[in-house]
file protein-v3.txt (compact mmCIF, C-alpha atoms and all ligand atoms)
# COMPACT_ATOMS: atom_id res chain seq x y z
CA SER X 1 -19.27 33.03 39.47
CA ILE X 2 -17.72 35.28 36.79
CA HIS X 3 -18.91 32.79 34.13
CA LYS X 4 -22.45 32.85 35.54
CA ASP X 5 -22.36 36.66 35.70
CA LEU X 6 -21.30 36.82 32.06
CA GLU X 7 -24.11 34.46 31.00
CA GLU X 8 -26.60 36.68 32.79
CA LYS X 9 -25.09 39.78 31.14
CA ILE X 10 -25.25 38.23 27.66
CA ALA X 11 -28.94 37.36 28.16
CA ARG X 12 -29.62 40.92 29.34
CA PHE X 13 -27.72 42.41 26.41
CA HIS X 14 -29.78 40.43 23.89
CA GLN X 15 -33.01 40.79 25.94
CA ARG X 16 -33.34 37.01 26.17
CA GLU X 17 -34.19 34.75 29.14
CA ASP X 18 -30.88 32.95 29.60
CA ALA X 19 -27.51 32.20 28.00
CA ILE X 20 -24.88 29.46 28.01
CA LEU X 21 -21.16 29.93 27.40
CA TYR X 22 -18.95 27.83 25.13
CA ALA X 23 -15.24 27.92 24.33
CA SER X 24 -16.15 29.23 20.86
CA CYS X 25 -19.14 29.93 18.64
CA PHE X 26 -17.99 26.99 16.54
CA ASP X 27 -18.77 24.88 19.62
CA ALA X 28 -22.10 26.64 20.19
CA ASN X 29 -23.08 25.80 16.61
CA ALA X 30 -21.78 22.25 16.91
CA GLY X 31 -23.81 21.69 20.08
CA ILE X 32 -27.23 23.14 19.41
CA PHE X 33 -28.85 21.25 16.53
CA GLU X 34 -28.16 17.77 17.85
CA ALA X 35 -29.43 18.69 21.31
CA LEU X 36 -32.59 20.37 20.05
CA LEU X 37 -33.73 18.40 17.00
CA THR X 38 -34.77 14.75 16.59
CA PRO X 39 -35.37 12.65 13.44
CA GLU X 40 -39.01 13.83 13.60
CA ASP X 41 -37.93 17.47 13.11
CA ALA X 42 -36.61 19.59 10.25
CA VAL X 43 -33.90 22.21 9.87
CA LEU X 44 -33.92 24.69 6.97
CA SER X 45 -30.54 26.26 6.32
CA ASP X 46 -29.32 29.05 3.99
CA GLU X 47 -26.91 27.53 1.45
CA LEU X 48 -24.20 30.08 2.36
CA ASN X 49 -24.34 29.57 6.12
CA HIS X 50 -21.04 29.45 8.00
CA ALA X 51 -19.13 26.15 8.03
CA SER X 52 -19.80 25.66 11.76
CA ILE X 53 -23.58 25.79 11.21
CA ILE X 54 -23.20 23.28 8.39
CA ASP X 55 -21.15 20.99 10.63
CA GLY X 56 -23.62 21.39 13.52
CA ILE X 57 -26.48 20.42 11.23
CA ARG X 58 -24.50 17.43 9.96
CA LEU X 59 -24.28 16.15 13.53
CA CYS X 60 -28.05 16.10 14.05
CA LYS X 61 -30.55 13.55 12.80
CA ALA X 62 -33.25 16.03 11.75
CA ASN X 63 -34.48 16.23 8.15
CA LYS X 64 -32.32 18.72 6.30
CA TYR X 65 -33.46 21.35 3.79
CA ARG X 66 -31.08 23.82 2.16
CA TYR X 67 -32.63 26.95 0.69
CA LYS X 68 -31.02 29.27 -1.88
CA HIS X 69 -29.07 32.17 -0.39
CA MET X 70 -31.54 34.70 1.07
CA ASP X 71 -34.21 33.45 -1.40
CA MET X 72 -37.56 33.79 0.35
CA GLN X 73 -39.52 31.99 -2.38
CA ASP X 74 -37.28 28.98 -2.02
CA LEU X 75 -37.48 29.15 1.80
CA GLU X 76 -41.29 29.23 1.58
CA ALA X 77 -41.31 26.22 -0.77
CA LYS X 78 -39.06 24.30 1.62
CA LEU X 79 -41.19 25.32 4.65
CA LYS X 80 -44.28 23.97 2.86
CA GLU X 81 -42.47 20.72 2.18
CA ALA X 82 -41.36 20.55 5.82
CA GLN X 83 -44.88 20.85 7.25
CA LYS X 84 -44.98 17.08 7.66
CA HIS X 85 -42.35 17.24 10.41
CA ARG X 86 -42.95 17.82 14.13
CA LEU X 87 -40.85 20.99 14.50
CA ARG X 88 -39.16 23.33 12.00
CA LEU X 89 -36.07 25.44 12.64
CA VAL X 90 -34.87 28.05 10.13
CA ALA X 91 -31.12 28.65 10.54
CA THR X 92 -29.26 31.59 9.03
CA ASP X 93 -26.25 33.81 9.53
CA GLY X 94 -27.57 37.24 10.58
CA ALA X 95 -24.86 38.82 8.40
CA PHE X 96 -22.79 36.97 5.83
CA SER X 97 -19.12 37.82 6.04
CA MET X 98 -17.93 37.17 2.50
CA ASP X 99 -20.35 39.62 0.88
CA GLY X 100 -21.24 41.87 3.81
CA ASP X 101 -24.93 41.19 3.18
CA ILE X 102 -27.62 40.98 5.83
CA ALA X 103 -30.26 38.23 6.07
CA PRO X 104 -33.84 39.43 5.37
CA LEU X 105 -34.92 38.63 8.92
CA ARG X 106 -38.28 40.41 8.74
CA GLU X 107 -39.36 38.23 5.85
CA ILE X 108 -37.82 35.11 7.42
CA CYS X 109 -39.72 35.75 10.67
CA GLN X 110 -42.98 36.35 8.77
CA LEU X 111 -42.57 33.04 6.94
CA ALA X 112 -41.62 31.31 10.19
CA GLN X 113 -44.81 32.59 11.79
CA LYS X 114 -46.91 31.51 8.81
CA TYR X 115 -45.43 27.99 8.72
CA ASP X 116 -44.95 27.51 12.46
CA ALA X 117 -41.16 27.46 12.56
CA LEU X 118 -38.51 28.68 15.01
CA VAL X 119 -35.78 31.07 13.87
CA PHE X 120 -32.10 30.64 14.74
CA ILE X 121 -29.49 33.26 13.81
CA ASP X 122 -25.71 33.21 14.01
CA GLU X 123 -24.71 36.74 14.98
CA CYS X 124 -20.91 36.49 14.86
CA HIS X 125 -20.83 39.27 12.26
CA ALA X 126 -23.39 41.47 14.00
CA THR X 127 -23.07 41.33 17.81
CA GLY X 128 -21.72 44.56 19.25
CA PHE X 129 -22.12 46.82 16.23
CA LEU X 130 -25.23 46.24 14.07
CA GLY X 131 -28.43 47.99 15.14
CA PRO X 132 -28.86 51.30 16.97
CA ASN X 133 -27.50 49.79 20.22
CA GLY X 134 -25.20 47.15 18.74
CA ARG X 135 -27.53 44.29 19.69
CA GLY X 136 -27.29 42.78 16.22
CA THR X 137 -29.24 42.02 13.08
CA ASP X 138 -32.48 41.36 14.95
CA GLU X 139 -32.30 44.86 16.48
CA LEU X 140 -31.34 46.44 13.14
CA LEU X 141 -34.38 44.88 11.46
CA GLY X 142 -36.79 45.26 14.41
CA VAL X 143 -37.39 41.56 15.07
CA MET X 144 -35.78 41.06 18.50
CA ASP X 145 -39.01 39.52 19.79
CA LYS X 146 -39.38 37.16 16.82
CA VAL X 147 -35.99 35.45 16.63
CA THR X 148 -35.97 32.53 19.08
CA ILE X 149 -32.30 31.55 19.31
CA ILE X 150 -29.06 33.50 18.91
CA ASN X 151 -25.59 32.02 18.73
CA SER X 152 -22.65 34.41 18.69
CA THR X 153 -18.98 34.84 19.44
CA LEU X 154 -17.00 36.76 22.03
CA GLY X 155 -14.05 36.58 19.67
CA LYS X 156 -14.84 39.24 17.06
CA ALA X 157 -16.37 42.62 17.93
CA LEU X 158 -16.40 41.78 21.65
CA GLY X 159 -12.67 41.58 21.42
CA GLY X 160 -11.77 38.58 23.58
CA ALA X 161 -10.39 36.53 20.67
CA ALA X 162 -12.26 33.46 21.93
CA GLY X 163 -15.58 32.35 23.40
CA GLY X 164 -19.09 31.80 22.15
CA TYR X 165 -22.63 31.43 23.45
CA THR X 166 -26.24 30.57 22.86
CA THR X 167 -28.94 32.87 24.20
CA GLY X 168 -32.70 32.30 24.09
CA PRO X 169 -35.58 30.77 26.07
CA LYS X 170 -34.63 29.36 29.49
CA PRO X 171 -35.92 25.82 28.81
CA LEU X 172 -33.67 25.66 25.73
CA ILE X 173 -30.61 26.81 27.69
CA ASP X 174 -31.44 24.26 30.44
CA LEU X 175 -31.61 21.56 27.77
CA LEU X 176 -28.23 22.58 26.33
CA ARG X 177 -26.62 22.39 29.79
CA GLN X 178 -27.81 18.76 30.00
CA ARG X 179 -27.26 17.64 26.41
CA SER X 180 -24.89 19.85 24.44
CA ARG X 181 -21.72 17.87 23.90
CA PRO X 182 -19.18 20.71 23.43
CA TYR X 183 -20.49 22.20 26.72
CA LEU X 184 -20.47 18.93 28.63
CA PHE X 185 -17.22 17.48 27.39
CA SER X 186 -14.91 20.46 27.12
CA ASN X 187 -13.46 23.13 29.38
CA SER X 188 -15.16 26.47 29.68
CA LEU X 189 -13.58 29.81 28.92
CA PRO X 190 -10.38 31.00 30.64
CA PRO X 191 -11.23 33.62 33.29
CA ALA X 192 -9.25 36.38 31.53
CA VAL X 193 -11.41 35.97 28.42
CA VAL X 194 -14.55 36.08 30.57
CA GLY X 195 -13.36 39.33 32.18
CA CYS X 196 -12.61 40.90 28.82
CA ALA X 197 -15.97 39.98 27.28
CA SER X 198 -17.78 41.15 30.37
CA LYS X 199 -16.12 44.57 30.16
CA ALA X 200 -16.88 44.83 26.43
CA LEU X 201 -20.57 44.23 27.17
CA ASP X 202 -20.49 46.86 29.96
CA LEU X 203 -19.14 49.42 27.49
CA LEU X 204 -21.87 48.59 24.97
CA MET X 205 -24.64 48.70 27.57
CA GLU X 206 -23.44 51.97 29.14
CA SER X 207 -23.93 53.92 25.93
CA ASN X 208 -24.65 53.35 22.27
CA ALA X 209 -21.81 55.67 21.19
CA ILE X 210 -19.62 52.81 19.91
CA ALA X 211 -22.41 51.21 17.87
CA GLN X 212 -23.43 54.58 16.44
CA SER X 213 -19.85 55.46 15.51
CA MET X 214 -19.49 52.14 13.68
CA ALA X 215 -22.51 52.94 11.51
CA ALA X 216 -21.13 56.42 10.71
CA LYS X 217 -17.63 55.12 9.90
CA THR X 218 -19.01 52.34 7.73
CA GLN X 219 -21.09 54.82 5.78
CA ARG X 220 -18.10 57.15 5.37
CA PHE X 221 -15.93 54.38 3.93
CA ARG X 222 -18.61 52.91 1.65
CA THR X 223 -19.68 56.32 0.29
CA LYS X 224 -16.14 57.55 -0.37
CA MET X 225 -15.02 54.30 -1.98
CA THR X 226 -18.09 54.21 -4.24
CA ALA X 227 -17.47 57.85 -5.23
CA ALA X 228 -13.86 56.91 -6.06
CA GLY X 229 -15.19 54.33 -8.54
CA PHE X 230 -15.01 51.06 -6.55
CA THR X 231 -17.81 48.54 -6.14
CA ILE X 232 -18.44 47.62 -2.52
CA SER X 233 -20.56 44.53 -1.99
CA GLY X 234 -23.29 44.27 0.66
CA LYS X 235 -25.12 47.03 2.45
CA ASP X 236 -24.55 49.02 5.66
CA HIS X 237 -22.15 46.39 7.04
CA PRO X 238 -18.67 47.24 8.41
CA ILE X 239 -17.34 44.31 6.42
CA CYS X 240 -16.76 46.07 3.12
CA PRO X 241 -15.72 43.74 0.28
CA VAL X 242 -14.02 45.78 -2.47
CA MET X 243 -14.98 43.78 -5.56
CA LEU X 244 -12.17 43.37 -8.08
CA GLY X 245 -12.98 40.14 -9.97
CA ASP X 246 -9.48 39.06 -10.88
CA ALA X 247 -7.61 36.96 -8.27
CA ARG X 248 -4.16 38.31 -9.14
CA LEU X 249 -5.36 41.90 -9.04
CA ALA X 250 -6.84 41.36 -5.56
CA SER X 251 -3.62 39.80 -4.34
CA VAL X 252 -1.19 42.45 -5.69
CA MET X 253 -3.43 45.31 -4.58
CA ALA X 254 -3.72 43.87 -1.05
CA GLU X 255 0.06 43.55 -0.93
CA ASP X 256 0.50 47.17 -2.03
CA MET X 257 -2.00 48.31 0.59
CA LEU X 258 0.00 46.45 3.22
CA ASN X 259 3.15 48.24 2.00
CA ARG X 260 1.29 51.49 2.71
CA GLY X 261 0.59 50.34 6.27
CA ILE X 262 -3.02 49.27 5.69
CA TYR X 263 -3.88 45.71 6.67
CA VAL X 264 -6.45 44.29 4.27
CA ILE X 265 -6.78 40.78 2.88
CA GLY X 266 -7.41 39.61 -0.67
CA PHE X 267 -9.84 36.69 -1.11
CA SER X 268 -10.11 34.56 -4.21
CA TYR X 269 -11.31 31.11 -5.30
CA PRO X 270 -11.99 28.71 -3.50
CA VAL X 271 -12.90 30.99 -0.58
CA VAL X 272 -15.22 32.99 -2.89
CA PRO X 273 -16.63 31.97 -6.34
CA LYS X 274 -14.31 32.10 -9.39
CA GLY X 275 -14.12 35.57 -10.98
CA LYS X 276 -15.35 37.24 -7.77
CA ALA X 277 -12.02 38.01 -6.10
CA ARG X 278 -12.10 40.89 -3.67
CA ILE X 279 -10.27 42.69 -0.91
CA ARG X 280 -12.16 42.55 2.34
CA VAL X 281 -11.93 45.69 4.44
CA GLN X 282 -13.19 45.64 8.01
CA ILE X 283 -14.06 48.91 9.69
CA SER X 284 -13.34 48.98 13.42
CA ALA X 285 -14.53 51.23 16.23
CA VAL X 286 -10.95 52.37 16.82
CA HIS X 287 -10.53 53.73 13.28
CA SER X 288 -10.63 57.51 13.12
CA ASP X 289 -12.16 59.45 10.21
CA GLU X 290 -8.57 60.26 9.17
CA ASP X 291 -7.72 56.52 9.09
CA ILE X 292 -10.70 55.88 6.85
CA ASP X 293 -9.84 58.75 4.50
CA ARG X 294 -6.21 57.58 4.32
CA CYS X 295 -7.42 54.07 3.44
CA VAL X 296 -9.65 55.40 0.63
CA GLU X 297 -6.73 57.49 -0.71
CA ALA X 298 -4.43 54.46 -0.66
CA PHE X 299 -7.04 52.33 -2.45
CA THR X 300 -7.43 55.01 -5.11
CA GLU X 301 -3.67 55.24 -5.67
CA VAL X 302 -3.16 51.48 -5.72
CA GLY X 303 -6.26 50.95 -7.87
CA ARG X 304 -4.99 53.42 -10.49
CA LYS X 305 -1.54 51.86 -10.44
CA HIS X 306 -2.91 48.38 -11.17
CA GLY X 307 -5.66 49.39 -13.59
CA ALA X 308 -8.63 48.73 -11.30
CA LEU X 309 -9.58 52.40 -11.70
CA PRO X 310 -9.22 54.52 -14.84
N1 LIG X 401 -20.14 31.64 12.89
C1 LIG X 401 -19.69 32.55 12.01
C2 LIG X 401 -20.67 33.20 11.09
C3 LIG X 401 -18.31 32.88 11.96
O1 LIG X 401 -17.86 33.78 11.08
C4 LIG X 401 -17.42 32.24 12.85
C5 LIG X 401 -15.97 32.54 12.84
O2 LIG X 401 -15.36 32.73 11.82
C6 LIG X 401 -17.95 31.31 13.75
C7 LIG X 401 -19.29 31.03 13.75
C8 LIG X 401 -17.05 30.62 14.74
O3 LIG X 401 -16.78 31.52 15.76
P1 LIG X 401 -15.59 31.23 16.81
O4 LIG X 401 -14.36 31.82 16.22
O5 LIG X 401 -16.04 31.87 18.09
O6 LIG X 401 -15.50 29.74 16.93
call {"tool": "encode", "arguments": {"input": "protein-v3.txt", "output": "structure tokens"}}
result
Amino acid sequence: SIHKDLEEKIARFHQREDAILYASCFDANAGIFEALLTPEDAVLSDELNHASIIDGIRLCKANKYRYKHMDMQDLEAKLKEAQKHRLRLVATDGAFSMDGDIAPLREICQLAQKYDALVFIDECHATGFLGPNGRGTDELLGVMDKVTIINSTLGKALGGAAGGYTTGPKPLIDLLRQRSRPYLFSNSLPPAVVGCASKALDLLMESNAIAQSMAAKTQRFRTKMTAAGFTISGKDHPICPVMLGDARLASVMAEDMLNRGIYVIGFSYPVVPKGKARIRVQISAVHSDEDIDRCVEAFTEVGRKHGALP
């Protein structure tokens, strides 16, 4: 019963009809495309979508189109090409974690309407903190009623370290219960994880204070870092990639930050393109303003020491 209660709570949180739990969002992504799409259908996927979406799409027999990252002209061209198929599904991350950028969902939904397509978003990097009430990218961009399917994780902002789900129209969720292989052929979530996620959703639904504080903290960090002379990729997202370019610089600076008690990770090729090394900072609801200021000070010191700042 606690699993059923959590499914109902997730659907309520996202203002959708129903939800289905998985052991992870990787499983939710692995299970949806094959269950929903046939060889008569088409799926249109952003080229930088998460690996689990790519793998999920690989498992299905639908016709596959890959559009350039957040490129609406290319998406429109591919939607035109895909008119010959029975059903079209546009699949995108709501927020992309490597660059902290947010999918142009308003434009995607407009195109989907024009070319009779469904919209699927992966909200792992949005659920619980993007939008005025933390509902996610669709709330942030005012398209909650236009996105058909949401997959997300209980293992990031919702704090349980595991668990995933699909939420959307009831007939879709009913279909997944009958046909989705990671749901049918694997155990469900451990009860302790269910309890934790359920409590996290209660906190978010009781008040929007946490979501609002995330937006304010994110803005504080991004503004102060930019003023200090750093380039932060993306916009308004608590994932703040500090762009450094050089792989060695990113690695030694991250190490120095760690020595100062600040846990940040350097990313370089092949995780990100060559010459685009960065340190990814993630703002959390438990950070205080003092924590954020201390982090900016440490970055400034370390940046000067290693020549990233004048
Ligand atoms: N989708 C995105 C965009 C992710 O970033 C991740 C995790 O890194 C997943 C799916 C998989 O989520 P989970 O850890 O719940 O399997």
call {"tool": "atom_distance", "arguments": {"input": "protein-v3.txt", "atom1": "atom CA of X:Ala157", "atom2": "atom CA of X:Thr300"}}
result
27.6 Å
call {"tool": "closest_atom_pairs", "arguments": {"input": "protein-v3.txt", "of": "chain X", "to": "ligand LIG 401 (chain X)", "cutoff": "9 Å", "atoms": "all atoms listed in the file", "output": "Markdown table"}}
result
| residue | atom | partner | partner_atom | distance |
| --- | --- | --- | --- | --- |
| X:Tyr22 | CA | X:LIG401 | O5 | 8.6 |
| X:Ala23 | CA | X:LIG401 | O5 | 7.4 |
| X:Ser24 | CA | X:LIG401 | O5 | 3.8 |
| X:Cys25 | CA | X:LIG401 | O5 | 3.7 |
| X:Phe26 | CA | X:LIG401 | O6 | 3.7 |
| X:Asp27 | CA | X:LIG401 | O6 | 6.4 |
| X:Ala28 | CA | X:LIG401 | O6 | 8.0 |
| X:Asn29 | CA | X:LIG401 | C7 | 7.1 |
| X:Asn49 | CA | X:LIG401 | C2 | 7.2 |
| X:His50 | CA | X:LIG401 | C2 | 4.9 |
| X:Ala51 | CA | X:LIG401 | N1 | 7.4 |
| X:Ser52 | CA | X:LIG401 | C7 | 5.7 |
| X:Ile53 | CA | X:LIG401 | N1 | 7.0 |
| X:Thr92 | CA | X:LIG401 | C2 | 9.0 |
| X:Asp93 | CA | X:LIG401 | C2 | 5.8 |
| X:Gly94 | CA | X:LIG401 | C2 | 8.0 |
| X:Ala95 | CA | X:LIG401 | C2 | 7.5 |
| X:Phe96 | CA | X:LIG401 | C2 | 6.8 |
| X:Ser97 | CA | X:LIG401 | O1 | 6.6 |
| X:Asp122 | CA | X:LIG401 | C2 | 5.8 |
| X:Glu123 | CA | X:LIG401 | C2 | 6.6 |
| X:Cys124 | CA | X:LIG401 | C2 | 5.0 |
| X:His125 | CA | X:LIG401 | C2 | 6.2 |
| X:Asn151 | CA | X:LIG401 | N1 | 8.0 |
| X:Ser152 | CA | X:LIG401 | C7 | 6.9 |
| X:Thr153 | CA | X:LIG401 | O5 | 4.4 |
| X:Leu154 | CA | X:LIG401 | O5 | 6.4 |
| X:Gly155 | CA | X:LIG401 | O5 | 5.4 |
| X:Lys156 | CA | X:LIG401 | O4 | 7.5 |
| X:Ala161 | CA | X:LIG401 | O4 | 7.6 |
| X:Ala162 | CA | X:LIG401 | O5 | 5.6 |
| X:Gly163 | CA | X:LIG401 | O5 | 5.4 |
| X:Gly164 | CA | X:LIG401 | O5 | 5.1 |
| X:Tyr165 | CA | X:LIG401 | O5 | 8.5 |
call {"tool": "write_last_selection", "arguments": {"input": "protein-v3.txt", "atoms": "C-alpha atoms", "output": "compact mmCIF listing (two decimals), in the coordinates of the input"}}
result
# COMPACT_ATOMS: atom_id res chain seq x y z
CA TYR X 22 -18.95 27.83 25.13
CA ALA X 23 -15.24 27.92 24.33
CA SER X 24 -16.15 29.23 20.86
CA CYS X 25 -19.14 29.93 18.64
CA PHE X 26 -17.99 26.99 16.54
CA ASP X 27 -18.77 24.88 19.62
CA ALA X 28 -22.10 26.64 20.19
CA ASN X 29 -23.08 25.80 16.61
CA ASN X 49 -24.34 29.57 6.12
CA HIS X 50 -21.04 29.45 8.00
CA ALA X 51 -19.13 26.15 8.03
CA SER X 52 -19.80 25.66 11.76
CA ILE X 53 -23.58 25.79 11.21
CA THR X 92 -29.26 31.59 9.03
CA ASP X 93 -26.25 33.81 9.53
CA GLY X 94 -27.57 37.24 10.58
CA ALA X 95 -24.86 38.82 8.40
CA PHE X 96 -22.79 36.97 5.83
CA SER X 97 -19.12 37.82 6.04
CA ASP X 122 -25.71 33.21 14.01
CA GLU X 123 -24.71 36.74 14.98
CA CYS X 124 -20.91 36.49 14.86
CA HIS X 125 -20.83 39.27 12.26
CA ASN X 151 -25.59 32.02 18.73
CA SER X 152 -22.65 34.41 18.69
CA THR X 153 -18.98 34.84 19.44
CA LEU X 154 -17.00 36.76 22.03
CA GLY X 155 -14.05 36.58 19.67
CA LYS X 156 -14.84 39.24 17.06
CA ALA X 161 -10.39 36.53 20.67
CA ALA X 162 -12.26 33.46 21.93
CA GLY X 163 -15.58 32.35 23.40
CA GLY X 164 -19.09 31.80 22.15
CA TYR X 165 -22.63 31.43 23.45
call {"tool": "closest_residue", "arguments": {"input": "protein-v3.txt", "among": "X:Lys9, X:Lys64, X:Arg16, X:Lys276", "to": "X:Pro241", "atoms": "all atoms listed in the file"}}
result
X:Lys276
call {"tool": "closest_residue", "arguments": {"input": "protein-v3.txt", "among": "X:Tyr65, X:Phe230, X:Phe299, X:Phe129", "to": "X:Ala216", "atoms": "all atoms listed in the file"}}
result
X:Phe129
call {"tool": "closest_residue", "arguments": {"input": "protein-v3.txt", "among": "X:Met72, X:Leu79, X:Ala228, X:Ala126", "to": "X:Pro104", "atoms": "only C-alpha atoms"}}
result
X:Met72
call {"tool": "axis_aligned_box", "arguments": {"input": "protein-v3.txt", "around": "stretch 207-224 of chain X", "padding_each_side": "3 Å", "output": "JSON"}}
result
{"center_x": -20.3, "center_y": 54.4, "center_z": 12.8, "size_x": 14.7, "size_y": 12.3, "size_z": 32.3}
call {"tool": "residues_near_point", "arguments": {"input": "protein-v3.txt", "point": "(-1.3, 53.3, 7.1)", "cutoff": "9 Å", "atoms": "all atoms listed in the file", "output": "number ranges by chain"}}
result
X: 257-263, 291, 294-295, 298
call {"tool": "closest_residue", "arguments": {"input": "protein-v3.txt", "among": "X:Ala211, X:Leu48, X:Met205, X:Ile149", "to": "X:Val271", "atoms": "all atoms listed in the file"}}
result
X:Leu48
call {"tool": "atom_distance", "arguments": {"input": "protein-v3.txt", "atom1": "atom CA of X:Asp5", "atom2": "atom CA of X:Asn133"}}
result
20.9 Å
call {"tool": "closest_residue", "arguments": {"input": "protein-v3.txt", "among": "X:Ser251, X:Asp101, X:Gln73, X:Leu172", "to": "X:Asp236", "atoms": "all atoms listed in the file"}}
result
X:Asp101
call {"tool": "residues_near_point", "arguments": {"input": "protein-v3.txt", "point": "(-29.3, 32.5, 25.2)", "cutoff": "12 Å", "atoms": "all atoms listed in the file", "output": "PyMOL selection string"}}
result
chain X and resi 6-22+28+32+120-123+147-152+164-177
call {"tool": "atom_distance", "arguments": {"input": "protein-v3.txt", "atom1": "atom CA of X:Arg278", "atom2": "atom CA of X:Ala91"}}
result
26.7 Å
